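Okay, run_21.cif is below, mmCIF, C-alpha atoms and all ligand atoms:
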```
data_final
loop_
_atom_site.group_PDB
_atom_site.id
_atom_site.type_symbol
_atom_site.label_atom_id
_atom_site.label_comp_id
_atom_site.auth_asym_id
_atom_site.auth_seq_id
_atom_site.Cartn_x
_atom_site.Cartn_y
_atom_site.Cartn_z
ATOM 1 C CA GLY A 1 0.000 0.000 0.000
ATOM 2 C CA SER A 2 0.884 3.669 0.190
ATOM 3 C CA LYS A 3 2.559 3.274 3.599
ATOM 4 C CA ASP A 4 4.977 0.748 2.110
ATOM 5 C CA LYS A 5 5.651 3.097 -0.784
ATOM 6 C CA ILE A 6 6.539 5.951 1.572
ATOM 7 C CA ASP A 7 8.638 3.680 3.840
ATOM 8 C CA ALA A 8 10.577 2.463 0.832
ATOM 9 C CA LEU A 9 11.099 6.029 -0.348
ATOM 10 C CA GLY A 10 12.407 7.000 3.108
ATOM 11 C CA ARG A 11 14.908 4.167 3.090
ATOM 12 C CA LEU A 12 16.213 5.194 -0.304
ATOM 13 C CA LEU A 13 16.462 8.834 0.809
ATOM 14 C CA THR A 14 18.538 7.748 3.812
ATOM 15 C CA ARG A 15 20.945 5.907 1.562
ATOM 16 C CA ILE A 16 21.261 8.696 -0.982
ATOM 17 C CA LEU A 17 21.588 11.576 1.467
ATOM 18 C CA ARG A 18 24.069 9.877 3.782
ATOM 19 C CA ARG A 19 26.228 7.895 1.444
ATOM 20 C CA MET A 20 25.668 8.274 -2.284
ATOM 21 C CA ALA A 21 25.849 11.991 -3.107
ATOM 22 C CA THR A 22 29.330 11.772 -4.605
ATOM 23 C CA GLU A 23 28.836 8.716 -6.785
ATOM 24 C CA LEU A 24 25.493 10.066 -8.002
ATOM 25 C CA ASN A 25 27.023 13.443 -8.827
ATOM 26 C CA LEU A 26 24.384 15.001 -6.646
ATOM 27 C CA ASN A 27 25.060 18.590 -5.718
ATOM 28 C CA MET A 28 25.254 18.517 -1.906
ATOM 29 C CA ARG A 29 25.990 21.573 0.199
ATOM 30 C CA SER A 30 28.469 21.374 3.023
ATOM 31 C CA ASP A 31 25.559 21.398 5.460
ATOM 32 C CA GLY A 32 24.155 18.284 3.792
ATOM 33 C CA TYR A 33 21.271 19.845 1.885
ATOM 34 C CA VAL A 34 20.365 18.889 -1.690
ATOM 35 C CA LYS A 35 17.548 20.180 -3.878
ATOM 36 C CA VAL A 36 14.435 18.009 -3.785
ATOM 37 C CA GLU A 37 14.080 18.769 -7.478
ATOM 38 C CA ASP A 38 17.523 17.225 -8.156
ATOM 39 C CA LEU A 39 16.676 14.172 -6.053
ATOM 40 C CA LEU A 40 13.496 13.494 -7.958
ATOM 41 C CA LYS A 41 15.435 13.428 -11.223
ATOM 42 C CA LEU A 42 17.715 10.566 -10.172
ATOM 43 C CA ASN A 43 17.407 7.420 -12.169
ATOM 44 C CA MET A 44 16.881 5.017 -9.254
ATOM 45 C CA LYS A 45 14.232 2.743 -7.850
ATOM 46 C CA THR A 46 13.062 2.572 -4.253
ATOM 47 C CA PHE A 47 13.032 -0.665 -2.276
ATOM 48 C CA ALA A 48 9.417 -1.088 -3.369
ATOM 49 C CA ASN A 49 10.780 -1.149 -6.917
ATOM 50 C CA ILE A 50 9.094 2.132 -7.817
ATOM 51 C CA PRO A 51 11.089 4.651 -9.881
ATOM 52 C CA LEU A 52 12.151 7.635 -7.809
ATOM 53 C CA ARG A 53 11.065 9.852 -10.698
ATOM 54 C CA SER A 54 7.451 8.794 -10.291
ATOM 55 C CA HIS A 55 7.334 10.292 -6.771
ATOM 56 C CA THR A 56 6.161 13.820 -6.015
ATOM 57 C CA VAL A 57 7.356 16.574 -3.709
ATOM 58 C CA ASP A 58 4.416 15.672 -1.464
ATOM 59 C CA ASP A 59 5.680 12.070 -1.253
ATOM 60 C CA ILE A 60 9.036 13.411 -0.064
ATOM 61 C CA LYS A 61 7.337 15.629 2.495
ATOM 62 C CA GLU A 62 5.325 12.663 3.728
ATOM 63 C CA ALA A 63 8.431 10.474 4.014
ATOM 64 C CA VAL A 64 10.122 13.198 6.070
ATOM 65 C CA ARG A 65 7.103 13.658 8.318
ATOM 66 C CA LYS A 66 6.546 9.940 8.905
ATOM 67 C CA ASP A 67 10.155 8.947 9.529
ATOM 68 C CA ASN A 68 10.204 7.256 12.930
ATOM 69 C CA LYS A 69 13.572 8.707 13.957
ATOM 70 C CA GLN A 70 13.214 12.123 12.296
ATOM 71 C CA ARG A 71 16.189 11.369 10.089
ATOM 72 C CA PHE A 72 15.578 14.278 7.669
ATOM 73 C CA SER A 73 15.127 18.046 7.617
ATOM 74 C CA LEU A 74 13.434 20.155 4.967
ATOM 75 C CA LEU A 75 14.371 23.749 4.242
ATOM 76 C CA GLU A 76 12.754 26.275 1.951
ATOM 77 C CA GLU A 77 15.185 28.776 0.511
ATOM 78 C CA ASN A 78 14.740 31.208 -2.388
ATOM 79 C CA GLY A 79 11.586 29.405 -3.400
ATOM 80 C CA GLU A 80 13.352 26.042 -3.531
ATOM 81 C CA LEU A 81 12.807 23.030 -1.321
ATOM 82 C CA LEU A 82 15.928 21.388 0.101
ATOM 83 C CA ILE A 83 16.331 18.152 2.060
ATOM 84 C CA ARG A 84 19.094 16.666 4.180
ATOM 85 C CA ALA A 85 19.802 13.718 6.449
ATOM 86 C CA ASN A 86 20.225 14.934 10.029
ATOM 87 C CA GLN A 87 23.057 12.525 10.839
ATOM 88 C CA GLY A 88 24.676 9.273 9.830
ATOM 89 C CA HIS A 89 26.675 10.579 6.875
ATOM 90 C CA THR A 90 29.588 8.760 5.346
ATOM 91 C CA VAL A 91 30.222 11.372 2.636
ATOM 92 C CA THR A 92 32.976 13.754 3.636
ATOM 93 C CA THR A 93 31.605 16.649 1.606
ATOM 94 C CA VAL A 94 29.412 17.285 4.621
ATOM 95 C CA GLU A 95 31.066 19.423 7.267
ATOM 96 C CA SER A 96 29.838 18.680 10.739
ATOM 97 C CA GLU A 97 30.244 22.292 11.816
ATOM 98 C CA ARG A 98 27.549 23.245 9.336
ATOM 99 C CA LEU A 99 25.274 20.274 9.733
ATOM 100 C CA LEU A 100 25.269 20.098 13.487
ATOM 101 C CA LYS A 101 25.229 22.223 16.590
ATOM 102 C CA GLN A 102 28.325 21.982 18.730
ATOM 103 C CA ILE A 103 27.885 21.106 22.398
ATOM 104 C CA LEU A 104 29.931 23.509 24.462
ATOM 105 C CA SER A 105 29.006 22.604 28.012
ATOM 106 C CA ALA A 106 28.292 19.311 29.759
ATOM 107 C CA ASP A 107 25.170 20.928 31.196
ATOM 108 C CA GLU A 108 23.592 20.814 27.737
ATOM 109 C CA VAL A 109 23.247 17.017 27.853
ATOM 110 C CA GLN A 110 21.654 14.778 30.430
ATOM 111 C CA PHE A 111 22.688 11.478 28.910
ATOM 112 C CA CYS A 112 25.245 10.545 26.362
ATOM 113 C CA VAL A 113 25.134 6.830 25.800
ATOM 114 C CA HIS A 114 26.317 4.577 22.990
ATOM 115 C CA GLY A 115 24.370 1.378 22.367
ATOM 116 C CA THR A 116 26.235 -1.681 21.179
ATOM 117 C CA TYR A 117 26.410 -5.471 21.442
ATOM 118 C CA LYS A 118 28.252 -7.868 23.747
ATOM 119 C CA ARG A 119 30.097 -9.320 20.767
ATOM 120 C CA ASN A 120 31.812 -5.931 20.200
ATOM 121 C CA LEU A 121 32.729 -5.208 23.792
ATOM 122 C CA GLU A 122 36.108 -6.909 23.979
ATOM 123 C CA SER A 123 37.301 -5.095 20.890
ATOM 124 C CA ILE A 124 35.848 -1.757 22.057
ATOM 125 C CA LEU A 125 37.616 -2.063 25.407
ATOM 126 C CA GLU A 126 40.840 -2.742 23.579
ATOM 127 C CA SER A 127 40.721 -0.015 20.929
ATOM 128 C CA GLY A 128 38.003 2.432 21.986
ATOM 129 C CA LEU A 129 34.776 3.292 20.170
ATOM 130 C CA LYS A 130 35.447 3.724 16.476
ATOM 131 C CA ARG A 131 33.296 5.586 13.980
ATOM 132 C CA MET A 132 33.597 2.611 11.609
ATOM 133 C CA LYS A 133 32.090 3.561 8.222
ATOM 134 C CA ARG A 134 30.420 6.738 9.417
ATOM 135 C CA LEU A 135 31.840 10.212 9.950
ATOM 136 C CA HIS A 136 30.991 10.056 13.643
ATOM 137 C CA VAL A 137 30.517 7.780 16.604
ATOM 138 C CA HIS A 138 26.823 7.976 17.560
ATOM 139 C CA PHE A 139 25.388 8.480 21.025
ATOM 140 C CA SER A 140 21.815 8.862 22.250
ATOM 141 C CA SER A 141 20.781 11.771 24.397
ATOM 142 C CA GLY A 142 18.068 9.701 26.062
ATOM 143 C CA LEU A 143 17.231 6.136 27.005
ATOM 144 C CA PRO A 144 14.614 3.924 25.332
ATOM 145 C CA SER A 145 12.978 3.600 28.763
ATOM 146 C CA ASP A 146 12.169 7.304 28.635
ATOM 147 C CA GLY A 147 9.271 6.167 26.472
ATOM 148 C CA GLU A 148 10.089 8.375 23.516
ATOM 149 C CA VAL A 149 11.460 7.137 20.251
ATOM 150 C CA ILE A 150 15.173 7.491 20.735
ATOM 151 C CA SER A 151 17.505 8.203 17.887
ATOM 152 C CA GLY A 152 21.118 7.276 18.195
ATOM 153 C CA MET A 153 20.922 3.604 19.029
ATOM 154 C CA ARG A 154 19.104 0.546 17.819
ATOM 155 C CA ARG A 155 16.314 -1.070 19.807
ATOM 156 C CA ASP A 156 18.083 -4.381 20.215
ATOM 157 C CA VAL A 157 21.381 -3.208 21.723
ATOM 158 C CA ASN A 158 22.483 -5.097 24.842
ATOM 159 C CA VAL A 159 25.415 -3.020 26.075
ATOM 160 C CA LEU A 160 25.291 0.673 27.006
ATOM 161 C CA ILE A 161 28.459 2.740 27.182
ATOM 162 C CA TYR A 162 28.099 6.114 28.923
ATOM 163 C CA LEU A 163 30.396 8.919 27.865
ATOM 164 C CA ASP A 164 31.994 11.170 30.460
ATOM 165 C CA VAL A 165 30.910 14.349 28.672
ATOM 166 C CA ARG A 166 32.623 16.718 31.082
ATOM 167 C CA LYS A 167 35.991 15.027 30.743
ATOM 168 C CA ALA A 168 35.665 14.672 26.965
ATOM 169 C CA LEU A 169 34.914 18.386 26.535
ATOM 170 C CA GLU A 170 37.651 19.396 28.967
ATOM 171 C CA GLU A 171 40.203 17.465 26.986
ATOM 172 C CA GLY A 172 39.134 18.948 23.656
ATOM 173 C CA MET A 173 36.868 16.317 22.149
ATOM 174 C CA LYS A 174 34.305 18.018 19.911
ATOM 175 C CA LEU A 175 30.737 16.890 20.490
ATOM 176 C CA TYR A 176 27.824 17.804 18.254
ATOM 177 C CA ILE A 177 24.076 17.354 18.410
ATOM 178 C CA SER A 178 21.866 16.825 15.370
ATOM 179 C CA ASP A 179 18.352 18.139 14.824
ATOM 180 C CA ASN A 180 16.987 14.750 15.884
ATOM 181 C CA LYS A 181 19.052 14.830 19.099
ATOM 182 C CA VAL A 182 21.724 12.320 18.221
ATOM 183 C CA ILE A 183 25.067 13.214 19.813
ATOM 184 C CA LEU A 184 27.955 12.792 17.418
ATOM 185 C CA THR A 185 31.719 12.961 17.661
ATOM 186 C CA GLU A 186 34.772 12.190 15.607
ATOM 187 C CA GLY A 187 36.474 11.524 18.934
ATOM 188 C CA PHE A 188 40.180 11.854 18.336
ATOM 189 C CA ASP A 189 40.975 10.722 14.791
ATOM 190 C CA GLY A 190 37.762 8.741 14.667
ATOM 191 C CA VAL A 191 38.192 7.038 18.030
ATOM 192 C CA VAL A 192 36.655 7.703 21.436
ATOM 193 C CA PRO A 193 39.282 6.247 23.784
ATOM 194 C CA VAL A 194 38.239 4.046 26.708
ATOM 195 C CA LYS A 195 39.352 6.600 29.293
ATOM 196 C CA TYR A 196 36.314 8.711 28.375
ATOM 197 C CA PHE A 197 33.872 5.932 29.246
ATOM 198 C CA GLU A 198 32.061 6.852 32.429
ATOM 199 C CA LYS A 199 30.481 3.448 32.972
ATOM 200 C CA ILE A 200 29.356 0.408 31.025
HETATM 201 C C1 LIG B 1 30.655 -0.925 16.896
HETATM 202 C C2 LIG B 1 21.156 3.750 13.572
HETATM 203 C C3 LIG B 1 34.182 -3.422 17.561
HETATM 204 C C4 LIG B 1 29.606 0.024 17.391
HETATM 205 C C5 LIG B 1 21.177 3.629 15.057
HETATM 206 C C6 LIG B 1 28.438 -0.356 16.493
HETATM 207 C C7 LIG B 1 22.108 4.740 15.434
HETATM 208 C C8 LIG B 1 33.015 -1.450 17.436
HETATM 209 C C9 LIG B 1 29.118 -0.686 15.180
HETATM 210 C C10 LIG B 1 23.036 4.881 14.270
HETATM 211 C C11 LIG B 1 34.157 -0.718 17.784
HETATM 212 C C12 LIG B 1 29.049 0.443 14.169
HETATM 213 C C13 LIG B 1 24.447 4.494 14.593
HETATM 214 C C14 LIG B 1 35.354 -1.438 18.028
HETATM 215 C C15 LIG B 1 32.547 0.678 17.495
HETATM 216 N N1 LIG B 1 35.311 -2.787 17.904
HETATM 217 N N2 LIG B 1 33.016 -2.800 17.323
HETATM 218 N N3 LIG B 1 36.490 -0.829 18.372
HETATM 219 N N4 LIG B 1 33.847 0.600 17.807
HETATM 220 N N5 LIG B 1 32.025 -0.561 17.273
HETATM 221 O O1 LIG B 1 25.834 1.428 12.482
HETATM 222 O O2 LIG B 1 26.250 3.376 16.707
HETATM 223 O O3 LIG B 1 18.784 3.892 11.519
HETATM 224 O O4 LIG B 1 28.072 2.575 12.284
HETATM 225 O O5 LIG B 1 29.325 -0.180 18.754
HETATM 226 O O6 LIG B 1 19.904 3.778 15.617
HETATM 227 O O7 LIG B 1 25.472 1.095 15.861
HETATM 228 O O8 LIG B 1 21.018 4.714 10.775
HETATM 229 O O9 LIG B 1 26.871 2.692 14.424
HETATM 230 O O10 LIG B 1 27.796 -1.504 16.966
HETATM 231 O O11 LIG B 1 21.465 5.951 15.581
HETATM 232 O O12 LIG B 1 19.294 6.337 11.617
HETATM 233 O O13 LIG B 1 30.488 -0.897 15.493
HETATM 234 O O14 LIG B 1 22.487 4.036 13.274
HETATM 235 O O15 LIG B 1 20.337 4.803 13.179
HETATM 236 O O16 LIG B 1 27.750 0.464 13.631
HETATM 237 O O17 LIG B 1 24.470 3.149 14.993
HETATM 238 P P1 LIG B 1 27.105 1.797 13.105
HETATM 239 P P2 LIG B 1 25.775 2.522 15.595
HETATM 240 P P3 LIG B 1 19.833 4.942 11.697
#
```

Here is a file; write its structure as structure tokens.
Ligand code: HQG
Amino acid sequence: GSKDKIDALGRLLTRILRRMATELNLNMRSDGYVKVEDLLKLNMKTFANIPLRSHTVDDIKEAVRKDNKQRFSLLEENGELLIRANQGHTVTTVESERLLKQILSADEVQFCVHGTYKRNLESILESGLKRMKRLHVHFSSGLPSDGEVISGMRRDVNVLIYLDVRKALEEGMKLYISDNKVILTEGFDGVVPVKYFEKI
């Protein structure tokens, strides 16, 4: 049905806006925004096997509105509609300073917790939290038990690693927060060392 169509569109948008801008020759600003008009011209199919070109601006708006983790933002500028992914990028054309708001004081965040899996723990304790394929290591600013939909970790994680935000900021680690409240950091050269873990 139409819900599946919009879900499938959302999943394709995530992939394009986070990872594929370069290979698709899509004009992406350093704050992550691309023109919706340009997107709708791409010769691709969604996961429901529907050509992207057959979608409308309203479909895009609906996919943005219905996304369960608020992964996208829309912006109207000079009569044009722009869209971006709020976080999760792997393309380096996006500059975090422009995409995200920097956290300057530990008082700005109540929680900063990374969700992961027991199978990763040994390796994480040995080499720290790595950003892996993304530009940033991701942390949540809330817990699933808060009842809200929480962006920044998956539902099925079984290990929580709390960041010592105060210490990290004091020692010069740059922390950012996205529009959908995911806390992001490059750590130091892509790694958040173990000494910044507050508790596990
Ligand atoms: C792990 C989803 C071994 C890390 C979620 C994670 C989040 C290590 C995986 C967002 C490691 C990377 C991000 C080390 C890190 N050794 N494993 N040294 N360092 N890891 O997907 O944080 O649907 O890149 O713990 O909800 O899992 O995309 O990061 O398990 O918000 O919007 O390596 O993705 O949101 O996996 O998830 P990811 P993540 P979206």

Could you list, as an MDAnalysis selection string, all the residues within 9 Å of ligand LIG 1 (chain B), counting only C-alpha atoms and all ligand atoms?
-> chainID A and resid 14 69:71 86:88 114:117 119:140 150:155 157 159 161 182 191:192

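Residue nearest Asn158 in chain A within the list A:Ile200, A:Lys3, A:Glu171, A:Leu17: A:Ile200 [criterion: smallest interatomic distance, all atoms listed in the file].
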
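You can rank A:Leu100, A:Ala168, A:Met28, A:Ala8 by their closest distance to Ile83 in chain A using all atoms listed in the file, and at the top of that list sits A:Met28.
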
Quick one: apply the PyMOL selection byres (((chain A and resi 47) around 12) and not hetatm) to the file and drop the selected residues here as a PyMOL selection string.
-> chain A and resi 4-15+44-46+48-52

Name the residues in contact with Lys199 in chain A at a cut-off of 9 Å, using only C-alpha atoms, excluding same-chain residues fewer than 3 positions from it; report them as a VMD selection string.
-> chain A and resid 160 to 164

A:Tyr33, A:Phe197, A:Phe72, A:Phe188: which is nearest Val165 in chain A, counting all atoms listed in the file?
-> A:Phe197

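When the PyMOL selection byres (((chain A and resi 26) around 12) and not hetatm) is evaluated against the file, it yields Ile16, Leu17, Arg18, Arg19, Met20, Ala21, Thr22, Glu23, Leu24, Asn25, Asn27, Met28, Arg29, Gly32, Tyr33, Val34, Lys35, Val36, Glu37, Asp38, Leu39, Leu40, Lys41, Leu42, Asn43, Val91 and Thr93 of chain A.
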
Limited to C-alpha atoms, could you put the picked residues into a file as a short mmCIF file (atom, residue, chain, number, x, y, z; two decimals), in the coordinates of the input?
```cif
data_model
loop_
_atom_site.label_atom_id
_atom_site.label_comp_id
_atom_site.auth_asym_id
_atom_site.auth_seq_id
_atom_site.Cartn_x
_atom_site.Cartn_y
_atom_site.Cartn_z
CA ILE A 16 21.26 8.70 -0.98
CA LEU A 17 21.59 11.58 1.47
CA ARG A 18 24.07 9.88 3.78
CA ARG A 19 26.23 7.90 1.44
CA MET A 20 25.67 8.27 -2.28
CA ALA A 21 25.85 11.99 -3.11
CA THR A 22 29.33 11.77 -4.61
CA GLU A 23 28.84 8.72 -6.78
CA LEU A 24 25.49 10.07 -8.00
CA ASN A 25 27.02 13.44 -8.83
CA ASN A 27 25.06 18.59 -5.72
CA MET A 28 25.25 18.52 -1.91
CA ARG A 29 25.99 21.57 0.20
CA GLY A 32 24.16 18.28 3.79
CA TYR A 33 21.27 19.84 1.88
CA VAL A 34 20.36 18.89 -1.69
CA LYS A 35 17.55 20.18 -3.88
CA VAL A 36 14.44 18.01 -3.78
CA GLU A 37 14.08 18.77 -7.48
CA ASP A 38 17.52 17.23 -8.16
CA LEU A 39 16.68 14.17 -6.05
CA LEU A 40 13.50 13.49 -7.96
CA LYS A 41 15.44 13.43 -11.22
CA LEU A 42 17.72 10.57 -10.17
CA ASN A 43 17.41 7.42 -12.17
CA VAL A 91 30.22 11.37 2.64
CA THR A 93 31.60 16.65 1.61
#
```

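Here CA of Ser178 in chain A and CA of Leu99 in chain A stand 7.4 Å from one another.
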
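On the file presented, the PyMOL selection byres (((chain A and resi 172) around 12) and not hetatm) picks out Ile103, Leu104, Ser105, Val165, Arg166, Lys167, Ala168, Leu169, Glu170, Glu171, Met173, Lys174, Leu175, Thr185, Glu186, Gly187, Phe188, Val192 and Tyr196 of chain A.
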
Enclose range 4-15 of chain A, meaning all of its atoms listed in the file, in a box aligned along x, y and z, pad it by 4 Å on each side, and list the centre and edge lengths in Å to one decimal, as lines of an AutoDock Vina configuration file.
```
center_x = 13.0
center_y = 4.8
center_z = 1.5
size_x = 24.0
size_y = 16.1
size_z = 12.6
```

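Proximity to Ala85 in chain A was assessed for A:Val57, A:Val64, A:Ile183, A:Val109 counting only C-alpha atoms; the smallest distance is recorded for A:Val64.
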
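For the pair CA of Ile177 in chain A and CA of Val94 in chain A, the separation is 14.8 Å.
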
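Considering only C-alpha atoms, the residue among A:Asp179, A:Lys66, A:Ser2, A:Phe111 positioned nearest to Gly142 in chain A is A:Phe111.
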
Could you check how far CA of Asp67 in chain A sits from CA of Leu143 in chain A, in Å to one decimal?
-> 19.1 Å

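For the residues A:Lys101, A:Thr90, A:Asp156, A:Glu62, ranking by smallest atom-to-atom distance to Lys118 in chain A using all atoms listed in the file places A:Asp156 first.
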
Could range 23-33 of chain A be completed with all heavy atoms and returned as a short mmCIF file (atom, residue, chain, number, x, y, z; two decimals), keeping the file's coordinate frame?
```cif
data_model
loop_
_atom_site.label_atom_id
_atom_site.label_comp_id
_atom_site.auth_asym_id
_atom_site.auth_seq_id
_atom_site.Cartn_x
_atom_site.Cartn_y
_atom_site.Cartn_z
N GLU A 23 28.92 9.62 -5.63
CA GLU A 23 28.84 8.72 -6.78
C GLU A 23 27.66 9.05 -7.70
O GLU A 23 27.70 8.76 -8.90
CB GLU A 23 28.77 7.25 -6.33
CG GLU A 23 27.52 6.90 -5.55
CD GLU A 23 27.62 5.54 -4.88
OE1 GLU A 23 27.24 4.55 -5.52
OE2 GLU A 23 28.07 5.48 -3.71
N LEU A 24 26.64 9.69 -7.18
CA LEU A 24 25.49 10.07 -8.00
C LEU A 24 25.66 11.45 -8.63
O LEU A 24 24.78 11.92 -9.34
CB LEU A 24 24.21 10.07 -7.16
CG LEU A 24 23.70 8.72 -6.67
CD1 LEU A 24 22.57 8.93 -5.67
CD2 LEU A 24 23.24 7.87 -7.84
N ASN A 25 26.80 12.10 -8.32
CA ASN A 25 27.02 13.44 -8.83
C ASN A 25 25.96 14.42 -8.36
O ASN A 25 25.61 15.37 -9.07
CB ASN A 25 27.02 13.45 -10.36
CG ASN A 25 28.42 13.68 -10.87
OD1 ASN A 25 29.20 14.38 -10.22
ND2 ASN A 25 28.71 13.09 -12.01
N LEU A 26 25.45 14.17 -7.19
CA LEU A 26 24.38 15.00 -6.65
C LEU A 26 25.02 16.21 -5.97
O LEU A 26 25.97 16.07 -5.21
CB LEU A 26 23.60 14.17 -5.63
CG LEU A 26 22.27 14.69 -5.14
CD1 LEU A 26 21.27 14.80 -6.28
CD2 LEU A 26 21.73 13.73 -4.07
N ASN A 27 24.50 17.37 -6.27
CA ASN A 27 25.06 18.59 -5.72
C ASN A 27 24.64 18.73 -4.25
O ASN A 27 23.50 19.04 -3.95
CB ASN A 27 24.53 19.75 -6.55
CG ASN A 27 25.43 20.95 -6.45
OD1 ASN A 27 26.30 21.01 -5.56
ND2 ASN A 27 25.24 21.89 -7.34
N MET A 28 25.57 18.46 -3.33
CA MET A 28 25.25 18.52 -1.91
C MET A 28 26.03 19.64 -1.25
O MET A 28 27.24 19.75 -1.41
CB MET A 28 25.60 17.17 -1.24
CG MET A 28 25.30 17.13 0.24
SD MET A 28 25.56 15.49 0.97
CE MET A 28 24.00 14.68 0.62
N ARG A 29 25.32 20.47 -0.50
CA ARG A 29 25.99 21.57 0.20
C ARG A 29 26.77 21.02 1.39
O ARG A 29 26.55 19.90 1.82
CB ARG A 29 24.95 22.59 0.71
CG ARG A 29 24.01 23.07 -0.36
CD ARG A 29 23.26 24.33 -0.02
NE ARG A 29 22.80 24.47 1.36
CZ ARG A 29 21.87 25.36 1.73
NH1 ARG A 29 21.28 26.15 0.82
NH2 ARG A 29 21.52 25.48 2.99
N SER A 30 27.65 21.86 1.92
CA SER A 30 28.47 21.37 3.02
C SER A 30 27.65 21.16 4.30
O SER A 30 28.10 20.52 5.23
CB SER A 30 29.61 22.33 3.29
OG SER A 30 29.09 23.61 3.53
N ASP A 31 26.42 21.68 4.31
CA ASP A 31 25.56 21.40 5.46
C ASP A 31 24.62 20.23 5.16
O ASP A 31 23.68 19.96 5.90
CB ASP A 31 24.76 22.63 5.89
CG ASP A 31 23.86 23.17 4.79
OD1 ASP A 31 23.84 22.58 3.68
OD2 ASP A 31 23.19 24.19 5.03
N GLY A 32 24.87 19.52 4.08
CA GLY A 32 24.16 18.28 3.79
C GLY A 32 22.91 18.43 2.93
O GLY A 32 22.31 17.43 2.54
N TYR A 33 22.51 19.66 2.63
CA TYR A 33 21.27 19.84 1.88
C TYR A 33 21.44 19.63 0.38
O TYR A 33 22.46 20.03 -0.19
CB TYR A 33 20.71 21.26 2.10
CG TYR A 33 19.91 21.40 3.38
CD1 TYR A 33 20.41 22.13 4.45
CD2 TYR A 33 18.67 20.79 3.51
CE1 TYR A 33 19.68 22.27 5.63
CE2 TYR A 33 17.93 20.92 4.68
CZ TYR A 33 18.45 21.65 5.73
OH TYR A 33 17.72 21.78 6.89
#
```
